[in-house]
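Below is input_15.cif, which holds mmCIF, C-alpha atoms.
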```cif
data_work
#
loop_
_atom_site.group_PDB
_atom_site.id
_atom_site.type_symbol
_atom_site.label_atom_id
_atom_site.label_comp_id
_atom_site.auth_asym_id
_atom_site.auth_seq_id
_atom_site.Cartn_x
_atom_site.Cartn_y
_atom_site.Cartn_z
ATOM 1 C CA MET A 1 -100.130 -82.186 -30.770
ATOM 2 C CA ASN A 2 -103.179 -80.176 -31.830
ATOM 3 C CA GLY A 3 -104.738 -80.351 -28.368
ATOM 4 C CA VAL A 4 -102.853 -77.231 -27.313
ATOM 5 C CA SER A 5 -104.928 -74.770 -29.297
ATOM 6 C CA ARG A 6 -108.152 -76.222 -27.954
ATOM 7 C CA VAL A 7 -107.441 -75.229 -24.369
ATOM 8 C CA ARG A 8 -108.938 -71.829 -23.628
ATOM 9 C CA ILE A 9 -107.793 -69.780 -20.639
ATOM 10 C CA ARG A 10 -110.429 -67.416 -19.202
ATOM 11 C CA PRO A 11 -111.402 -65.763 -15.894
ATOM 12 C CA ALA A 12 -113.364 -68.062 -13.581
ATOM 13 C CA ARG A 13 -117.099 -67.497 -13.049
ATOM 14 C CA SER A 14 -119.132 -68.444 -9.998
ATOM 15 C CA SER A 15 -120.540 -71.385 -11.976
ATOM 16 C CA ASP A 16 -116.982 -72.814 -12.163
ATOM 17 C CA VAL A 17 -116.530 -72.967 -8.385
ATOM 18 C CA ALA A 18 -117.701 -76.590 -7.986
ATOM 19 C CA ALA A 19 -115.346 -77.803 -10.747
ATOM 20 C CA ILE A 20 -112.440 -75.867 -9.215
ATOM 21 C CA VAL A 21 -113.107 -77.265 -5.745
ATOM 22 C CA ALA A 22 -113.276 -80.802 -7.193
ATOM 23 C CA MET A 23 -109.764 -80.298 -8.638
ATOM 24 C CA LEU A 24 -108.461 -78.823 -5.367
ATOM 25 C CA ALA A 25 -109.831 -81.859 -3.492
ATOM 26 C CA ASP A 26 -108.342 -84.378 -5.895
ATOM 27 C CA ASP A 27 -104.993 -85.070 -4.260
ATOM 28 C CA ALA A 28 -103.710 -86.465 -0.976
ATOM 29 C CA LEU A 29 -103.496 -83.069 0.754
ATOM 30 C CA GLY A 30 -106.678 -81.618 -0.716
ATOM 31 C CA ARG A 31 -108.784 -84.637 0.180
ATOM 32 C CA GLY A 32 -108.408 -83.858 3.872
ATOM 33 C CA ARG A 33 -108.698 -80.119 3.412
ATOM 34 C CA GLU A 34 -111.741 -79.623 1.171
ATOM 35 C CA ARG A 35 -115.416 -80.552 1.543
ATOM 36 C CA ILE A 36 -117.149 -81.872 -1.563
ATOM 37 C CA GLU A 37 -120.873 -81.687 -0.839
ATOM 38 C CA ASP A 38 -123.948 -80.841 -2.860
ATOM 39 C CA PRO A 39 -124.636 -78.003 -2.394
ATOM 40 C CA LEU A 40 -121.062 -76.897 -1.718
ATOM 41 C CA PRO A 41 -120.320 -75.368 1.704
ATOM 42 C CA PRO A 42 -121.099 -71.632 1.339
ATOM 43 C CA SER A 43 -117.545 -70.682 2.378
ATOM 44 C CA TYR A 44 -116.365 -71.498 -1.159
ATOM 45 C CA LEU A 45 -118.755 -69.068 -2.846
ATOM 46 C CA GLN A 46 -118.042 -66.430 -0.211
ATOM 47 C CA ALA A 47 -114.322 -66.800 -0.957
ATOM 48 C CA PHE A 48 -115.043 -66.541 -4.694
ATOM 49 C CA GLU A 49 -116.855 -63.248 -4.078
ATOM 50 C CA LYS A 50 -113.877 -61.914 -2.098
ATOM 51 C CA VAL A 51 -111.548 -62.893 -4.950
ATOM 52 C CA GLU A 52 -113.863 -61.177 -7.456
ATOM 53 C CA ARG A 53 -113.802 -57.950 -5.468
ATOM 54 C CA ASP A 54 -110.015 -57.894 -5.204
ATOM 55 C CA PRO A 55 -108.438 -56.107 -8.175
ATOM 56 C CA ASN A 56 -105.059 -57.747 -7.443
ATOM 57 C CA ILE A 57 -106.325 -61.321 -7.694
ATOM 58 C CA GLN A 58 -107.436 -63.279 -10.749
ATOM 59 C CA LEU A 59 -108.824 -66.788 -10.616
ATOM 60 C CA VAL A 60 -108.532 -68.339 -14.072
ATOM 61 C CA VAL A 61 -109.633 -71.631 -15.544
ATOM 62 C CA ALA A 62 -108.635 -73.728 -18.539
ATOM 63 C CA GLU A 63 -111.571 -74.877 -20.642
ATOM 64 C CA GLY A 64 -111.421 -78.013 -22.783
ATOM 65 C CA GLU A 65 -112.927 -78.562 -26.216
ATOM 66 C CA GLY A 66 -116.449 -79.105 -24.906
ATOM 67 C CA GLY A 67 -116.359 -76.099 -22.570
ATOM 68 C CA GLU A 68 -115.625 -78.255 -19.512
ATOM 69 C CA VAL A 69 -113.286 -76.850 -16.849
ATOM 70 C CA ILE A 70 -110.072 -78.898 -16.899
ATOM 71 C CA GLY A 71 -107.610 -76.663 -15.074
ATOM 72 C CA CYS A 72 -107.363 -73.717 -12.704
ATOM 73 C CA LEU A 73 -104.921 -71.386 -11.042
ATOM 74 C CA GLN A 74 -104.974 -68.227 -8.983
ATOM 75 C CA LEU A 75 -102.843 -65.169 -9.756
ATOM 76 C CA CYS A 76 -102.044 -62.353 -7.330
ATOM 77 C CA ILE A 77 -100.130 -59.165 -7.988
ATOM 78 C CA LEU A 78 -98.746 -57.748 -4.762
ATOM 79 C CA PRO A 79 -97.288 -54.266 -4.483
ATOM 80 C CA GLY A 80 -94.334 -53.852 -2.105
ATOM 81 C CA LEU A 81 -91.256 -51.717 -1.518
ATOM 82 C CA SER A 82 -88.497 -54.229 -2.272
ATOM 83 C CA SER A 83 -86.759 -54.400 -5.662
ATOM 84 C CA GLN A 84 -87.273 -50.633 -6.130
ATOM 85 C CA GLY A 85 -90.976 -50.886 -5.500
ATOM 86 C CA ALA A 86 -91.635 -53.689 -7.983
ATOM 87 C CA SER A 87 -94.835 -55.685 -7.657
ATOM 88 C CA ARG A 88 -94.462 -59.425 -7.255
ATOM 89 C CA GLY A 89 -96.623 -61.987 -8.948
ATOM 90 C CA LEU A 90 -97.831 -65.118 -7.207
ATOM 91 C CA ILE A 91 -99.231 -68.200 -8.884
ATOM 92 C CA GLU A 92 -101.141 -70.448 -6.487
ATOM 93 C CA ASP A 93 -103.338 -73.533 -6.580
ATOM 94 C CA VAL A 94 -102.419 -74.744 -10.059
ATOM 95 C CA ARG A 95 -104.462 -77.848 -10.833
ATOM 96 C CA VAL A 96 -105.334 -79.908 -13.904
ATOM 97 C CA ALA A 97 -108.262 -82.356 -13.816
ATOM 98 C CA SER A 98 -106.853 -85.827 -13.148
ATOM 99 C CA HIS A 99 -109.127 -87.579 -15.661
ATOM 100 C CA TYR A 100 -107.050 -85.884 -18.327
ATOM 101 C CA ARG A 101 -104.604 -88.562 -19.442
ATOM 102 C CA LYS A 102 -100.931 -87.760 -19.153
ATOM 103 C CA PRO A 103 -100.054 -86.108 -22.484
ATOM 104 C CA ARG A 104 -103.236 -84.008 -22.444
ATOM 105 C CA HIS A 105 -102.639 -83.197 -18.788
ATOM 106 C CA ARG A 106 -99.226 -81.850 -19.680
ATOM 107 C CA ARG A 107 -100.576 -79.842 -22.612
ATOM 108 C CA THR A 108 -103.279 -78.290 -20.464
ATOM 109 C CA ALA A 109 -100.771 -77.322 -17.784
ATOM 110 C CA GLY A 110 -98.511 -75.930 -20.506
ATOM 111 C CA ALA A 111 -101.316 -73.827 -21.978
ATOM 112 C CA MET A 112 -102.068 -72.353 -18.550
ATOM 113 C CA GLY A 113 -98.509 -71.025 -18.359
ATOM 114 C CA ARG A 114 -98.061 -69.911 -21.954
ATOM 115 C CA ARG A 115 -99.360 -67.027 -24.027
ATOM 116 C CA GLY A 116 -102.679 -65.837 -22.609
ATOM 117 C CA GLY A 117 -101.904 -67.821 -19.460
ATOM 118 C CA ALA A 118 -100.451 -67.146 -16.041
ATOM 119 C CA ILE A 119 -97.066 -65.678 -16.929
ATOM 120 C CA GLU A 120 -98.387 -63.267 -19.548
ATOM 121 C CA ARG A 121 -101.193 -62.106 -17.254
ATOM 122 C CA LEU A 122 -98.677 -61.300 -14.507
ATOM 123 C CA GLN A 123 -96.489 -59.404 -16.967
ATOM 124 C CA ILE A 124 -99.495 -57.383 -18.171
ATOM 125 C CA GLY A 125 -100.159 -56.647 -14.488
ATOM 126 C CA ARG A 126 -96.583 -55.278 -14.289
ATOM 127 C CA ALA A 127 -95.210 -57.837 -11.868
ATOM 128 C CA ALA A 128 -91.407 -57.852 -11.885
ATOM 129 C CA HIS A 129 -91.217 -61.526 -11.105
ATOM 130 C CA ALA A 130 -93.459 -64.490 -10.431
ATOM 131 C CA GLN A 131 -93.320 -66.948 -7.572
ATOM 132 C CA THR A 132 -95.016 -70.254 -7.013
ATOM 133 C CA ARG A 133 -94.752 -73.247 -4.715
ATOM 134 C CA GLU A 134 -93.793 -76.685 -5.887
ATOM 135 C CA SER A 135 -96.785 -78.966 -5.511
ATOM 136 C CA MET A 136 -96.371 -82.171 -3.543
ATOM 137 C CA ARG A 137 -98.366 -83.994 -6.177
ATOM 138 C CA SER A 138 -97.442 -82.881 -9.640
ATOM 139 C CA ALA A 139 -95.216 -80.301 -11.232
ATOM 140 C CA SER A 140 -97.957 -78.574 -13.243
ATOM 141 C CA THR A 141 -95.690 -75.581 -13.733
ATOM 142 C CA ASN A 142 -92.893 -77.644 -15.296
ATOM 143 C CA GLY A 143 -91.620 -75.914 -18.402
ATOM 144 C CA TRP A 144 -92.912 -72.477 -17.406
ATOM 145 C CA GLY A 145 -89.372 -71.352 -16.507
ATOM 146 C CA PHE A 146 -89.467 -71.447 -12.708
ATOM 147 C CA GLN A 147 -86.347 -72.150 -10.695
ATOM 148 C CA ALA A 148 -86.140 -73.207 -7.057
ATOM 149 C CA SER A 149 -85.236 -70.063 -5.109
ATOM 150 C CA HIS A 150 -86.176 -70.375 -1.466
ATOM 151 C CA VAL A 151 -87.583 -72.517 1.310
ATOM 152 C CA GLY A 152 -91.247 -71.821 2.007
ATOM 153 C CA MET A 153 -92.362 -71.873 5.636
ATOM 154 C CA THR A 154 -95.879 -72.280 7.054
ATOM 155 C CA ILE A 155 -97.737 -71.933 10.349
ATOM 156 C CA ARG A 156 -101.298 -73.303 10.523
ATOM 157 C CA PHE A 157 -103.484 -71.450 13.040
ATOM 158 C CA MET B 1 -84.349 -58.653 28.945
ATOM 159 C CA ASN B 2 -86.274 -55.403 29.310
ATOM 160 C CA GLY B 3 -85.600 -54.411 25.701
ATOM 161 C CA VAL B 4 -88.633 -56.348 24.520
ATOM 162 C CA SER B 5 -91.254 -53.968 25.875
ATOM 163 C CA ARG B 6 -89.503 -51.006 24.299
ATOM 164 C CA VAL B 7 -90.054 -52.206 20.743
ATOM 165 C CA ARG B 8 -93.285 -50.797 19.354
ATOM 166 C CA ILE B 9 -94.965 -52.324 16.294
ATOM 167 C CA ARG B 10 -97.045 -49.885 14.215
ATOM 168 C CA PRO B 11 -98.225 -49.339 10.617
ATOM 169 C CA ALA B 12 -95.576 -47.735 8.388
ATOM 170 C CA ARG B 13 -95.950 -44.096 7.309
ATOM 171 C CA SER B 14 -94.565 -42.519 4.168
ATOM 172 C CA SER B 15 -91.861 -40.873 6.309
ATOM 173 C CA ASP B 16 -90.579 -44.401 7.150
ATOM 174 C CA VAL B 17 -89.949 -45.354 3.519
ATOM 175 C CA ALA B 18 -86.273 -44.291 3.469
ATOM 176 C CA ALA B 19 -85.511 -46.268 6.644
ATOM 177 C CA ILE B 20 -87.304 -49.331 5.275
ATOM 178 C CA VAL B 21 -85.443 -49.153 1.962
ATOM 179 C CA ALA B 22 -82.125 -48.836 3.851
ATOM 180 C CA MET B 23 -82.907 -52.109 5.655
ATOM 181 C CA LEU B 24 -83.988 -53.831 2.421
ATOM 182 C CA ALA B 25 -80.693 -52.767 0.813
ATOM 183 C CA ASP B 26 -78.552 -53.944 3.709
ATOM 184 C CA ASP B 27 -77.748 -57.485 2.631
ATOM 185 C CA ALA B 28 -75.983 -59.229 -0.230
ATOM 186 C CA LEU B 29 -79.126 -59.637 -2.353
ATOM 187 C CA GLY B 30 -80.652 -56.261 -1.526
ATOM 188 C CA ARG B 31 -77.488 -54.338 -2.282
ATOM 189 C CA GLY B 32 -77.786 -55.184 -5.981
ATOM 190 C CA ARG B 33 -81.545 -54.797 -6.058
ATOM 191 C CA GLU B 34 -82.220 -51.481 -4.324
ATOM 192 C CA ARG B 35 -81.150 -47.889 -5.054
ATOM 193 C CA ILE B 36 -80.196 -45.784 -2.052
ATOM 194 C CA GLU B 37 -80.184 -42.183 -3.289
ATOM 195 C CA ASP B 38 -81.186 -38.842 -1.822
ATOM 196 C CA PRO B 39 -83.939 -38.194 -2.740
ATOM 197 C CA LEU B 40 -85.048 -41.814 -3.089
ATOM 198 C CA PRO B 41 -86.132 -42.991 -6.556
ATOM 199 C CA PRO B 42 -89.847 -42.122 -6.819
ATOM 200 C CA SER B 43 -90.756 -45.781 -7.490
ATOM 201 C CA TYR B 44 -90.455 -46.480 -3.748
ATOM 202 C CA LEU B 45 -93.013 -43.866 -2.728
ATOM 203 C CA GLN B 46 -95.294 -44.892 -5.583
ATOM 204 C CA ALA B 47 -95.137 -48.476 -4.306
ATOM 205 C CA PHE B 48 -95.868 -47.262 -0.774
ATOM 206 C CA GLU B 49 -98.996 -45.510 -2.044
ATOM 207 C CA LYS B 50 -100.140 -48.712 -3.780
ATOM 208 C CA VAL B 51 -99.610 -50.641 -0.547
ATOM 209 C CA GLU B 52 -101.570 -47.994 1.386
ATOM 210 C CA ARG B 53 -104.523 -48.284 -1.000
ATOM 211 C CA ASP B 54 -104.648 -52.086 -0.772
ATOM 212 C CA PRO B 55 -106.873 -53.218 2.102
ATOM 213 C CA ASN B 56 -105.245 -56.685 2.065
ATOM 214 C CA ILE B 57 -101.704 -55.424 2.635
ATOM 215 C CA GLN B 58 -100.136 -53.942 5.751
ATOM 216 C CA LEU B 59 -96.596 -52.614 5.911
ATOM 217 C CA VAL B 60 -95.525 -52.462 9.547
ATOM 218 C CA VAL B 61 -92.405 -51.207 11.303
ATOM 219 C CA ALA B 62 -90.744 -51.827 14.652
ATOM 220 C CA GLU B 63 -89.799 -48.646 16.479
ATOM 221 C CA GLY B 64 -86.972 -48.542 19.016
ATOM 222 C CA GLU B 65 -86.825 -46.566 22.264
ATOM 223 C CA GLY B 66 -86.012 -43.279 20.570
ATOM 224 C CA GLY B 67 -88.696 -43.645 17.884
ATOM 225 C CA GLU B 68 -86.175 -44.814 15.280
ATOM 226 C CA VAL B 69 -87.295 -47.474 12.789
ATOM 227 C CA ILE B 70 -85.374 -50.682 13.541
ATOM 228 C CA GLY B 71 -87.432 -53.331 11.778
ATOM 229 C CA CYS B 72 -90.047 -53.867 9.090
ATOM 230 C CA LEU B 73 -92.216 -56.484 7.482
ATOM 231 C CA GLN B 74 -95.082 -56.682 5.023
ATOM 232 C CA LEU B 75 -98.274 -58.650 5.641
ATOM 233 C CA CYS B 76 -100.767 -59.735 2.992
ATOM 234 C CA ILE B 77 -104.069 -61.504 3.463
ATOM 235 C CA LEU B 78 -105.103 -63.295 0.286
ATOM 236 C CA PRO B 79 -108.553 -64.727 -0.278
ATOM 237 C CA GLY B 80 -108.741 -67.951 -2.284
ATOM 238 C CA LEU B 81 -110.864 -71.069 -2.744
ATOM 239 C CA SER B 82 -108.544 -73.722 -1.300
ATOM 240 C CA SER B 83 -108.892 -74.994 2.287
ATOM 241 C CA GLN B 84 -112.665 -74.380 2.156
ATOM 242 C CA GLY B 85 -112.227 -70.799 1.090
ATOM 243 C CA ALA B 86 -109.749 -69.841 3.818
ATOM 244 C CA SER B 87 -107.632 -66.746 3.363
ATOM 245 C CA ARG B 88 -103.896 -67.224 3.521
ATOM 246 C CA GLY B 89 -101.516 -64.875 5.243
ATOM 247 C CA LEU B 90 -98.141 -63.956 3.797
ATOM 248 C CA ILE B 91 -95.261 -62.373 5.679
ATOM 249 C CA GLU B 92 -92.671 -60.841 3.373
ATOM 250 C CA ASP B 93 -89.565 -58.688 3.584
ATOM 251 C CA VAL B 94 -88.834 -59.144 7.285
ATOM 252 C CA ARG B 95 -85.803 -57.051 8.204
ATOM 253 C CA VAL B 96 -84.127 -55.787 11.368
ATOM 254 C CA ALA B 97 -81.593 -52.946 11.220
ATOM 255 C CA SER B 98 -78.133 -54.486 11.229
ATOM 256 C CA HIS B 99 -76.639 -51.905 13.643
ATOM 257 C CA TYR B 100 -78.740 -53.575 16.297
ATOM 258 C CA ARG B 101 -76.326 -55.873 18.106
ATOM 259 C CA LYS B 102 -77.178 -59.533 18.207
ATOM 260 C CA PRO B 103 -79.285 -59.919 21.354
ATOM 261 C CA ARG B 104 -81.246 -56.744 20.614
ATOM 262 C CA HIS B 105 -81.604 -57.826 16.973
ATOM 263 C CA ARG B 106 -83.161 -61.067 18.130
ATOM 264 C CA ARG B 107 -85.489 -59.308 20.569
ATOM 265 C CA THR B 108 -86.658 -56.901 17.866
ATOM 266 C CA ALA B 109 -87.343 -59.749 15.449
ATOM 267 C CA GLY B 110 -89.141 -61.603 18.232
ATOM 268 C CA ALA B 111 -91.337 -58.586 19.015
ATOM 269 C CA MET B 112 -92.323 -58.304 15.351
ATOM 270 C CA GLY B 113 -93.725 -61.848 15.460
ATOM 271 C CA ARG B 114 -95.312 -61.805 18.909
ATOM 272 C CA ARG B 115 -98.415 -60.181 20.390
ATOM 273 C CA GLY B 116 -99.281 -57.069 18.402
ATOM 274 C CA GLY B 117 -96.950 -58.298 15.659
ATOM 275 C CA ALA B 118 -97.214 -60.195 12.417
ATOM 276 C CA ILE B 119 -98.888 -63.412 13.530
ATOM 277 C CA GLU B 120 -101.572 -61.709 15.594
ATOM 278 C CA ARG B 121 -102.339 -59.227 12.826
ATOM 279 C CA LEU B 122 -102.865 -62.081 10.355
ATOM 280 C CA GLN B 123 -105.135 -63.898 12.804
ATOM 281 C CA ILE B 124 -107.195 -60.724 13.308
ATOM 282 C CA GLY B 125 -107.426 -60.545 9.514
ATOM 283 C CA ARG B 126 -108.870 -64.106 9.597
ATOM 284 C CA ALA B 127 -106.061 -65.830 7.748
ATOM 285 C CA ALA B 128 -106.172 -69.602 8.278
ATOM 286 C CA HIS B 129 -102.425 -69.929 8.028
ATOM 287 C CA ALA B 130 -99.329 -67.853 7.467
ATOM 288 C CA GLN B 131 -96.531 -68.404 5.002
ATOM 289 C CA THR B 132 -93.142 -66.833 4.682
ATOM 290 C CA ARG B 133 -89.881 -67.444 2.874
ATOM 291 C CA GLU B 134 -86.654 -68.289 4.627
ATOM 292 C CA SER B 135 -84.263 -65.403 4.158
ATOM 293 C CA MET B 136 -80.844 -66.109 2.701
ATOM 294 C CA ARG B 137 -79.295 -63.819 5.259
ATOM 295 C CA SER B 138 -80.896 -64.218 8.650
ATOM 296 C CA ALA B 139 -83.710 -66.172 10.154
ATOM 297 C CA SER B 140 -85.610 -63.172 11.513
ATOM 298 C CA THR B 141 -88.698 -65.314 11.881
ATOM 299 C CA ASN B 142 -86.941 -67.899 14.087
ATOM 300 C CA GLY B 143 -89.096 -68.722 17.077
ATOM 301 C CA TRP B 144 -92.343 -67.535 15.464
ATOM 302 C CA GLY B 145 -93.449 -71.144 14.905
ATOM 303 C CA PHE B 146 -92.845 -71.562 11.177
ATOM 304 C CA GLN B 147 -91.994 -74.953 9.709
ATOM 305 C CA ALA B 148 -90.477 -75.657 6.294
ATOM 306 C CA SER B 149 -93.360 -76.767 4.081
ATOM 307 C CA HIS B 150 -92.540 -76.352 0.415
ATOM 308 C CA VAL B 151 -90.005 -75.342 -2.200
ATOM 309 C CA GLY B 152 -90.502 -71.814 -3.449
ATOM 310 C CA MET B 153 -89.935 -71.192 -7.176
ATOM 311 C CA THR B 154 -89.221 -67.915 -8.974
ATOM 312 C CA ILE B 155 -89.078 -66.500 -12.508
ATOM 313 C CA ARG B 156 -87.583 -63.018 -12.951
ATOM 314 C CA PHE B 157 -89.012 -61.153 -15.943
#
```
Starting from the file, give its structure as structure tokens.
Amino acid sequence: MNGVSRVRIRPARSSDVAAIVAMLADDALGRGRERIEDPLPPSYLQAFEKVERDPNIQLVVAEGEGGEVIGCLQLCILPGLSSQGASRGLIEDVRVASHYRKPRHRRTAGAMGRRGGAIERLQIGRAAHAQTRESMRSASTNGWGFQASHVGMTIRF
Amino acid sequence: MNGVSRVRIRPARSSDVAAIVAMLADDALGRGRERIEDPLPPSYLQAFEKVERDPNIQLVVAEGEGGEVIGCLQLCILPGLSSQGASRGLIEDVRVASHYRKPRHRRTAGAMGRRGGAIERLQIGRAAHAQTRESMRSASTNGWGFQASHVGMTIRF
């Protein structure tokens, strides 16, 4: 059980982009959606720069013992009028590297939610609540305290 | 059927905040969440100012024939790495004033989605797709082209 303390949560850097994209591509949906090439398509780095410039968005990674990137997620804090003008927190694109075997996978996902992780960062950002979407592939946010609350709807352009 | 052309979609101004809050409060969930007072609690105007400063967020209203505010919604365009660095569009807090009788209610909601409305604004903002949440109360976004895609999860702090 001592693996927990060895996962470090920190803001993503541009040098993490390839590792993040590899995790995004590593499921049935992502495989068709992402492009893993060397060098990576420039749209990924351009998007990283947009995220970096946006004070309401944080891309964070989980780092394993050897400094390797083993998890990622994106946080957004969105101002709005509803709930007496409370900001809402969004947690998107939660992924843990699949080569992490099951118990370690679960610990990594747990660390991303816990102290220093997603939920605390949204609270520091003064979000009144956090929302996420249930992944088709894995419930990485299991145990973070989320409850099903609504049906999400999408249009692809 | 000529009511459609008389609904005008425009960015919200601070003088619209009271009308927007009245619509947000006018359902079972909103009633317990909002505070309708005169003057309004300052948190609403503070939130409006935050929204105004955020280049990724647009609060828009639908205006009826006499210039009265009869609908609202909030758009966000969020950069991110997934889908080859595509931005995602969010449509939140869609409301139509309840004193609008049913057919007019539906036309107003329709106008908010159509040309000049939410979907087009997100496309202009280069979002690759749009997401929204199905309201507990009314399907204001019916006919805009959304399909159920995921289970939304919430934690309240």
Compile the residues of chain A that lie within 6 Å of chain B, evaluated using all atoms listed in the file, and express the compilation as a PDB file with C-alpha atoms, in the coordinates of the input.
```
ATOM      1  CA  ARG A  33    -108.698 -80.119   3.412  1.00  0.00           C
ATOM      2  CA  GLU A  34    -111.741 -79.623   1.171  1.00  0.00           C
ATOM      3  CA  SER A  43    -117.545 -70.682   2.378  1.00  0.00           C
ATOM      4  CA  TYR A  44    -116.365 -71.498  -1.159  1.00  0.00           C
ATOM      5  CA  ALA A  47    -114.322 -66.800  -0.957  1.00  0.00           C
ATOM      6  CA  VAL A  51    -111.548 -62.893  -4.950  1.00  0.00           C
ATOM      7  CA  PRO A  79     -97.288 -54.266  -4.483  1.00  0.00           C
ATOM      8  CA  GLY A  80     -94.334 -53.852  -2.105  1.00  0.00           C
ATOM      9  CA  LEU A  81     -91.256 -51.717  -1.518  1.00  0.00           C
ATOM     10  CA  SER A  83     -86.759 -54.400  -5.662  1.00  0.00           C
ATOM     11  CA  GLN A  84     -87.273 -50.633  -6.130  1.00  0.00           C
ATOM     12  CA  GLY A  85     -90.976 -50.886  -5.500  1.00  0.00           C
ATOM     13  CA  ALA A 128     -91.407 -57.852 -11.885  1.00  0.00           C
ATOM     14  CA  HIS A 129     -91.217 -61.526 -11.105  1.00  0.00           C
ATOM     15  CA  ALA A 130     -93.459 -64.490 -10.431  1.00  0.00           C
ATOM     16  CA  GLN A 131     -93.320 -66.948  -7.572  1.00  0.00           C
ATOM     17  CA  THR A 132     -95.016 -70.254  -7.013  1.00  0.00           C
ATOM     18  CA  ARG A 133     -94.752 -73.247  -4.715  1.00  0.00           C
ATOM     19  CA  GLU A 134     -93.793 -76.685  -5.887  1.00  0.00           C
ATOM     20  CA  PHE A 146     -89.467 -71.447 -12.708  1.00  0.00           C
ATOM     21  CA  GLN A 147     -86.347 -72.150 -10.695  1.00  0.00           C
ATOM     22  CA  ALA A 148     -86.140 -73.207  -7.057  1.00  0.00           C
ATOM     23  CA  SER A 149     -85.236 -70.063  -5.109  1.00  0.00           C
ATOM     24  CA  HIS A 150     -86.176 -70.375  -1.466  1.00  0.00           C
ATOM     25  CA  VAL A 151     -87.583 -72.517   1.310  1.00  0.00           C
ATOM     26  CA  GLY A 152     -91.247 -71.821   2.007  1.00  0.00           C
ATOM     27  CA  MET A 153     -92.362 -71.873   5.636  1.00  0.00           C
ATOM     28  CA  THR A 154     -95.879 -72.280   7.054  1.00  0.00           C
ATOM     29  CA  ILE A 155     -97.737 -71.933  10.349  1.00  0.00           C
ATOM     30  CA  ARG A 156    -101.298 -73.303  10.523  1.00  0.00           C
ATOM     31  CA  PHE A 157    -103.484 -71.450  13.040  1.00  0.00           C
TER      32      PHE A 157
END
```
* Asked: Please, what distance in Å, to one decimal, runs between atom CA of His99 of chain B and atom CA of Gly67 of chain B?
  ->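 Here the two named atoms are 15.2 Å from each other.
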Once you add 3 Å to each side, what are the centre and edge lengths of the axis-aligned box holding all listed atoms of segment 103-111 of chain B? One decimal in Å, as JSON, if you can.
```
{"center_x": -85.3, "center_y": -59.2, "center_z": 18.4, "size_x": 18.1, "size_y": 10.9, "size_z": 11.9}
```
* Can you work out the spacing between atom CA of Cys72 of chain B and atom CA of Ala109 of chain B in Å, to one decimal? =>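 Computed distance, atom CA of Cys72 of chain B to atom CA of Ala109 of chain B, equals 9.1 Å.
Overlaying chain A onto chain B with least squares across the full set of in-order Cα pairs produces an RMSD of 0.0 Å.
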* Asked: Could you write out as a PyMOL selection string the residues that the PyMOL selection byres ((chain B and resi 7) around 10) matches in the shown file?
  -> chain B and resi 2-6+8-10+61-71+104+107-112
Using the selection just defined, write its residues with C-alpha atoms as an mmCIF file, in the coordinates of the input.
```cif
data_model
loop_
_atom_site.group_PDB
_atom_site.id
_atom_site.type_symbol
_atom_site.label_atom_id
_atom_site.label_comp_id
_atom_site.auth_asym_id
_atom_site.auth_seq_id
_atom_site.Cartn_x
_atom_site.Cartn_y
_atom_site.Cartn_z
ATOM 1 C CA ASN B 2 -86.274 -55.403 29.310
ATOM 2 C CA GLY B 3 -85.600 -54.411 25.701
ATOM 3 C CA VAL B 4 -88.633 -56.348 24.520
ATOM 4 C CA SER B 5 -91.254 -53.968 25.875
ATOM 5 C CA ARG B 6 -89.503 -51.006 24.299
ATOM 6 C CA ARG B 8 -93.285 -50.797 19.354
ATOM 7 C CA ILE B 9 -94.965 -52.324 16.294
ATOM 8 C CA ARG B 10 -97.045 -49.885 14.215
ATOM 9 C CA VAL B 61 -92.405 -51.207 11.303
ATOM 10 C CA ALA B 62 -90.744 -51.827 14.652
ATOM 11 C CA GLU B 63 -89.799 -48.646 16.479
ATOM 12 C CA GLY B 64 -86.972 -48.542 19.016
ATOM 13 C CA GLU B 65 -86.825 -46.566 22.264
ATOM 14 C CA GLY B 66 -86.012 -43.279 20.570
ATOM 15 C CA GLY B 67 -88.696 -43.645 17.884
ATOM 16 C CA GLU B 68 -86.175 -44.814 15.280
ATOM 17 C CA VAL B 69 -87.295 -47.474 12.789
ATOM 18 C CA ILE B 70 -85.374 -50.682 13.541
ATOM 19 C CA GLY B 71 -87.432 -53.331 11.778
ATOM 20 C CA ARG B 104 -81.246 -56.744 20.614
ATOM 21 C CA ARG B 107 -85.489 -59.308 20.569
ATOM 22 C CA THR B 108 -86.658 -56.901 17.866
ATOM 23 C CA ALA B 109 -87.343 -59.749 15.449
ATOM 24 C CA GLY B 110 -89.141 -61.603 18.232
ATOM 25 C CA ALA B 111 -91.337 -58.586 19.015
ATOM 26 C CA MET B 112 -92.323 -58.304 15.351
#
```
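For the pair atom CA of Gly117 of chain B and atom CA of Asp26 of chain B, the interatomic distance is 22.4 Å.
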* To do: Have a look at A:Ile124, A:Val94, A:Ala18, A:Ala28 and name the one nearest to Asn142 of chain A; count only C-alpha atoms.
  => A:Val94
